Amino acid sequence: MRIFNPMYVAALATVTLVSCGSVKSITDKAVPTMDTTVSISQKKGAIGEEQFNHWAHADLVADTIPGMSLDKAYKFLEGKKGVTVVVSVIDSGIDIEHEDLKDVLWTNTKEIAGNGIDDDNNGYVDDIHGWNFLGGNGDAAPEQLEITRIVAKLNPRFEGKTIENISEADKADFKKYQEYLEAYKASSSRHFQTLARMEQIGENFAAVKKHLGKETLTLEDLQGINTEDQTLKTQVNDLMGLFGRGLDESAYLDYYATQKKIKNYDFNFDGRAIVGDNPEDMNDTKYGNGFVIGDKESESHGTHVSGIILATRNNNKGLNGVANNAKLMAVRAVPDGDERDKDVALAIRYAVDNGAKVINMSFGKSFSPNKEWVFDAIKYAAEKDVLLVHAAGNDNKNIDIKDNWPNDSEDKINEISDNVLTIGAMSSNFNENLPASFSNYGKLNVDVFAPGVQIYSTVPKDEYAKYSGTSMASPEVAGIATLVRSYYPQLSASQVKHIIMNSGVKVNLQVLIPGQKGEKAAFSNLSKAASIANAYNALLLADKMVN
């Protein structure tokens, strides 16, 4: 692939098929390479609001916005017929009643709704549109982080002890406990500082209201207080700062209530009480239900991700999803905390066994005590020719060095299978700010980048919003994969993976490395493919392989 000077990007010029020798079938073909050349200038001026709502679909050459050339892709598809592809979104609850999703749902036609019987004998009763591994019906799903669960499990053995109190046989475990405890403290410190600050503000409100003899406070009340009590004066000034930012006691109470609901760092919280299973027993599979929506008030992530992939196209509502000919299989397995390895493994297997050909996984964590269960599920998906698309994570770290689970490599070098794409996030800025400031990266363990900043999509209750994250970049690529699998179903999951990687737009830009405080590197050093996923190029490359 030729790489050009800054402000030059890849756009299709020629496609060359890699020599394959004697090819028995289409799935034996190696994926072609693309040699492309075109030059553009950086976009001048602001992007209009309507255009910005759909910037991820723009074309770098035509619009000077580094999108995925989706409109161009659909022009290429005119006159072509695709097959229906089932896409599973493993995520939080998904509002399958949303106006832009209700017409693109996968339905298990072998199951009779509401009869309490596993009609198709797939192990799941009344799984009409998918499965809910988190239990409940309309209930929220608070949960601990994995590091909290690990430390909580070890606390009975080691809490409060020093190395002098530890037997020789337990010293190795105690050393790991100390490492885990430090990781827990580093992760939780901000949360507990926030709770302490909220408690302090509450004390300030109580003291000032007592001083004034009032049940409610206004900014004018605070401004009228004249006191020599230094403690009270400090409390008044603190509250005046709060009111000066447009907040009041009601806003404070709402925020404090939200913070207290977070169970990420609560050693004593049992997130499985509503589920009723043993999360440490992979053979305990009879749990969950078919209520995939979850809590519409607190769960919007899965709905947003789903809309990016396959919101109904051309219905004059909201947005056009990346893929047509797609059906959404909703799998609720991601709580407000870290997902369980068991749930992830079973969710992948459920999606595979029930016909999904593309699975989006916009979640991740830094610790995975039962990662072998997930590895086995990934391999199972590979055996069944299913492509998994996974978000790289939002910790602005190099995941060639730091852990990020799930993934397709235990040692960060050798892949366990060839059916996983890991996606970094990029912005609409075709300059040094191209990578999203939060995105993880890695020359070996991030495959390709895609739009993931201020992405407009569906949220519960027929609403729409802009979210940012690699969680948004992953479904952009899952949408491309779905398009390719729809119009070129002869191609394998592995081939589709490499088509997306080989067809991406390469840019020769020096960019800010996420999390490195001004340090720059070539954009090509941040991912294996060194490119931006491009729908048009991917379809063209697939077409060259098949035709």
# chains A, B, ... in the order shown; residues from 1 in each chain; ligands from 1
$ residues_around --residues "Ser187 in chain A" --least-positions-apart "3" --cutoff "10 Å" --atoms "only C-alpha atoms" --output "PyMOL selection string"
chain A and resi 145+147-148+181-184+190-192+264-265
$ closest_residue --among "A:Val87, A:Ile96, A:Ile201, A:His498" --to "Leu242 in chain A" --atoms "only C-alpha atoms"
A:Ile201
$ closest_residue --among "A:Val89, A:Ala529, A:Val420, A:Leu328" --to "Val505 in chain A" --atoms "only C-alpha atoms"
A:Ala529
$ closest_residue --among "A:Phe363, A:Phe375, A:Tyr536, A:Phe267" --to "Ala473 in chain A" --atoms "only C-alpha atoms"
A:Phe363
$ closest_residue --among "A:Thr285, A:Ser300, A:Ser474, A:Thr422" --to "Tyr350 in chain A" --atoms "only C-alpha atoms"
A:Thr285
$ residues_around --residues "Asn115 in chain A" --least-positions-apart "3" --cutoff "10 Å" --atoms "only C-alpha atoms" --output "PyMOL selection string"
chain A and resi 111-112+118-119+125-126
$ decode --residues "range 446-461 of chain A" --atoms "all heavy atoms" --output "PDB file, in the first residue's frame"
ATOM      1  N   VAL A 446      -5.430  -3.636  18.409  1.00  0.00           N
ATOM      2  CA  VAL A 446      -6.546  -2.893  17.815  1.00  0.00           C
ATOM      3  C   VAL A 446      -6.438  -3.085  16.313  1.00  0.00           C
ATOM      4  O   VAL A 446      -5.379  -2.843  15.726  1.00  0.00           O
ATOM      5  CB  VAL A 446      -6.494  -1.397  18.180  1.00  0.00           C
ATOM      6  CG1 VAL A 446      -7.561  -0.621  17.420  1.00  0.00           C
ATOM      7  CG2 VAL A 446      -6.681  -1.212  19.681  1.00  0.00           C
ATOM      8  N   ASP A 447      -7.513  -3.530  15.686  1.00  0.00           N
ATOM      9  CA  ASP A 447      -7.435  -3.882  14.269  1.00  0.00           C
ATOM     10  C   ASP A 447      -7.626  -2.689  13.350  1.00  0.00           C
ATOM     11  O   ASP A 447      -6.925  -2.542  12.344  1.00  0.00           O
ATOM     12  CB  ASP A 447      -8.470  -4.963  13.945  1.00  0.00           C
ATOM     13  CG  ASP A 447      -8.120  -6.290  14.596  1.00  0.00           C
ATOM     14  OD1 ASP A 447      -6.986  -6.753  14.404  1.00  0.00           O
ATOM     15  OD2 ASP A 447      -8.975  -6.847  15.294  1.00  0.00           O
ATOM     16  N   VAL A 448      -8.577  -1.831  13.664  1.00  0.00           N
ATOM     17  CA  VAL A 448      -8.895  -0.721  12.765  1.00  0.00           C
ATOM     18  C   VAL A 448      -9.637   0.337  13.580  1.00  0.00           C
ATOM     19  O   VAL A 448     -10.190   0.040  14.647  1.00  0.00           O
ATOM     20  CB  VAL A 448      -9.746  -1.232  11.573  1.00  0.00           C
ATOM     21  CG1 VAL A 448     -11.123  -1.667  12.028  1.00  0.00           C
ATOM     22  CG2 VAL A 448      -9.825  -0.213  10.443  1.00  0.00           C
ATOM     23  N   PHE A 449      -9.646   1.566  13.099  1.00  0.00           N
ATOM     24  CA  PHE A 449     -10.383   2.653  13.760  1.00  0.00           C
ATOM     25  C   PHE A 449     -11.659   2.952  12.986  1.00  0.00           C
ATOM     26  O   PHE A 449     -11.756   2.688  11.785  1.00  0.00           O
ATOM     27  CB  PHE A 449      -9.522   3.911  13.843  1.00  0.00           C
ATOM     28  CG  PHE A 449      -8.620   3.949  15.054  1.00  0.00           C
ATOM     29  CD1 PHE A 449      -7.506   3.120  15.143  1.00  0.00           C
ATOM     30  CD2 PHE A 449      -8.883   4.815  16.104  1.00  0.00           C
ATOM     31  CE1 PHE A 449      -6.686   3.138  16.253  1.00  0.00           C
ATOM     32  CE2 PHE A 449      -8.073   4.842  17.227  1.00  0.00           C
ATOM     33  CZ  PHE A 449      -6.970   4.014  17.301  1.00  0.00           C
ATOM     34  N   ALA A 450     -12.638   3.543  13.701  1.00  0.00           N
ATOM     35  CA  ALA A 450     -13.908   3.924  13.084  1.00  0.00           C
ATOM     36  C   ALA A 450     -14.495   5.098  13.862  1.00  0.00           C
ATOM     37  O   ALA A 450     -14.090   5.367  15.004  1.00  0.00           O
ATOM     38  CB  ALA A 450     -14.887   2.743  13.093  1.00  0.00           C
ATOM     39  N   PRO A 451     -15.450   5.810  13.280  1.00  0.00           N
ATOM     40  CA  PRO A 451     -16.053   6.955  13.965  1.00  0.00           C
ATOM     41  C   PRO A 451     -16.655   6.571  15.320  1.00  0.00           C
ATOM     42  O   PRO A 451     -17.414   5.609  15.418  1.00  0.00           O
ATOM     43  CB  PRO A 451     -17.145   7.403  12.990  1.00  0.00           C
ATOM     44  CG  PRO A 451     -16.625   6.991  11.647  1.00  0.00           C
ATOM     45  CD  PRO A 451     -15.942   5.686  11.885  1.00  0.00           C
ATOM     46  N   GLY A 452     -16.285   7.348  16.355  1.00  0.00           N
ATOM     47  CA  GLY A 452     -16.780   7.040  17.693  1.00  0.00           C
ATOM     48  C   GLY A 452     -16.955   8.251  18.594  1.00  0.00           C
ATOM     49  O   GLY A 452     -17.082   8.089  19.806  1.00  0.00           O
ATOM     50  N   VAL A 453     -16.961   9.455  18.016  1.00  0.00           N
ATOM     51  CA  VAL A 453     -17.126  10.678  18.816  1.00  0.00           C
ATOM     52  C   VAL A 453     -18.396  11.395  18.381  1.00  0.00           C
ATOM     53  O   VAL A 453     -18.590  11.662  17.198  1.00  0.00           O
ATOM     54  CB  VAL A 453     -15.909  11.607  18.665  1.00  0.00           C
ATOM     55  CG1 VAL A 453     -16.133  12.920  19.409  1.00  0.00           C
ATOM     56  CG2 VAL A 453     -14.648  10.925  19.184  1.00  0.00           C
ATOM     57  N   GLN A 454     -19.260  11.674  19.355  1.00  0.00           N
ATOM     58  CA  GLN A 454     -20.517  12.375  19.094  1.00  0.00           C
ATOM     59  C   GLN A 454     -21.311  11.695  17.970  1.00  0.00           C
ATOM     60  O   GLN A 454     -21.630  12.285  16.940  1.00  0.00           O
ATOM     61  CB  GLN A 454     -20.243  13.846  18.767  1.00  0.00           C
ATOM     62  CG  GLN A 454     -19.751  14.667  19.941  1.00  0.00           C
ATOM     63  CD  GLN A 454     -20.836  14.858  20.995  1.00  0.00           C
ATOM     64  OE1 GLN A 454     -21.789  15.595  20.798  1.00  0.00           O
ATOM     65  NE2 GLN A 454     -20.701  14.180  22.131  1.00  0.00           N
ATOM     66  N   ILE A 455     -21.621  10.444  18.224  1.00  0.00           N
ATOM     67  CA  ILE A 455     -22.364   9.633  17.261  1.00  0.00           C
ATOM     68  C   ILE A 455     -23.857   9.672  17.621  1.00  0.00           C
ATOM     69  O   ILE A 455     -24.250   9.344  18.735  1.00  0.00           O
ATOM     70  CB  ILE A 455     -21.854   8.177  17.244  1.00  0.00           C
ATOM     71  CG1 ILE A 455     -20.350   8.143  16.931  1.00  0.00           C
ATOM     72  CG2 ILE A 455     -22.641   7.356  16.247  1.00  0.00           C
ATOM     73  CD1 ILE A 455     -19.964   8.743  15.597  1.00  0.00           C
ATOM     74  N   TYR A 456     -24.652  10.043  16.647  1.00  0.00           N
ATOM     75  CA  TYR A 456     -26.099  10.217  16.823  1.00  0.00           C
ATOM     76  C   TYR A 456     -26.799   8.886  16.603  1.00  0.00           C
ATOM     77  O   TYR A 456     -26.612   8.219  15.584  1.00  0.00           O
ATOM     78  CB  TYR A 456     -26.587  11.244  15.802  1.00  0.00           C
ATOM     79  CG  TYR A 456     -28.038  11.639  15.892  1.00  0.00           C
ATOM     80  CD1 TYR A 456     -28.483  12.517  16.879  1.00  0.00           C
ATOM     81  CD2 TYR A 456     -28.964  11.175  14.963  1.00  0.00           C
ATOM     82  CE1 TYR A 456     -29.813  12.911  16.939  1.00  0.00           C
ATOM     83  CE2 TYR A 456     -30.296  11.566  15.007  1.00  0.00           C
ATOM     84  CZ  TYR A 456     -30.715  12.431  16.005  1.00  0.00           C
ATOM     85  OH  TYR A 456     -32.025  12.819  16.054  1.00  0.00           O
ATOM     86  N   SER A 457     -27.633   8.492  17.585  1.00  0.00           N
ATOM     87  CA  SER A 457     -28.334   7.220  17.424  1.00  0.00           C
ATOM     88  C   SER A 457     -29.530   7.150  18.370  1.00  0.00           C
ATOM     89  O   SER A 457     -29.834   8.088  19.108  1.00  0.00           O
ATOM     90  CB  SER A 457     -27.385   6.044  17.674  1.00  0.00           C
ATOM     91  OG  SER A 457     -28.026   4.800  17.390  1.00  0.00           O
ATOM     92  N   THR A 458     -30.180   6.016  18.352  1.00  0.00           N
ATOM     93  CA  THR A 458     -31.393   5.767  19.132  1.00  0.00           C
ATOM     94  C   THR A 458     -31.089   5.637  20.621  1.00  0.00           C
ATOM     95  O   THR A 458     -30.072   5.059  21.020  1.00  0.00           O
ATOM     96  CB  THR A 458     -32.052   4.472  18.651  1.00  0.00           C
ATOM     97  OG1 THR A 458     -31.031   3.444  18.541  1.00  0.00           O
ATOM     98  CG2 THR A 458     -32.691   4.640  17.303  1.00  0.00           C
ATOM     99  N   VAL A 459     -31.997   6.140  21.453  1.00  0.00           N
ATOM    100  CA  VAL A 459     -32.006   5.873  22.890  1.00  0.00           C
ATOM    101  C   VAL A 459     -33.458   5.573  23.274  1.00  0.00           C
ATOM    102  O   VAL A 459     -34.374   5.842  22.498  1.00  0.00           O
ATOM    103  CB  VAL A 459     -31.443   7.056  23.713  1.00  0.00           C
ATOM    104  CG1 VAL A 459     -29.955   7.226  23.465  1.00  0.00           C
ATOM    105  CG2 VAL A 459     -32.189   8.345  23.428  1.00  0.00           C
ATOM    106  N   PRO A 460     -33.694   4.993  24.446  1.00  0.00           N
ATOM    107  CA  PRO A 460     -35.049   4.530  24.779  1.00  0.00           C
ATOM    108  C   PRO A 460     -36.129   5.607  24.690  1.00  0.00           C
ATOM    109  O   PRO A 460     -35.869   6.806  24.742  1.00  0.00           O
ATOM    110  CB  PRO A 460     -34.879   4.046  26.226  1.00  0.00           C
ATOM    111  CG  PRO A 460     -33.469   3.566  26.287  1.00  0.00           C
ATOM    112  CD  PRO A 460     -32.709   4.561  25.459  1.00  0.00           C
ATOM    113  N   LYS A 461     -37.341   5.123  24.548  1.00  0.00           N
ATOM    114  CA  LYS A 461     -38.559   5.954  24.495  1.00  0.00           C
ATOM    115  C   LYS A 461     -38.629   6.795  23.228  1.00  0.00           C
ATOM    116  O   LYS A 461     -39.048   7.959  23.276  1.00  0.00           O
ATOM    117  CB  LYS A 461     -38.654   6.828  25.740  1.00  0.00           C
ATOM    118  CG  LYS A 461     -38.707   6.046  27.045  1.00  0.00           C
ATOM    119  CD  LYS A 461     -38.832   6.975  28.241  1.00  0.00           C
ATOM    120  CE  LYS A 461     -38.918   6.188  29.526  1.00  0.00           C
ATOM    121  NZ  LYS A 461     -39.048   7.071  30.716  1.00  0.00           N
TER     122      LYS A 461
END
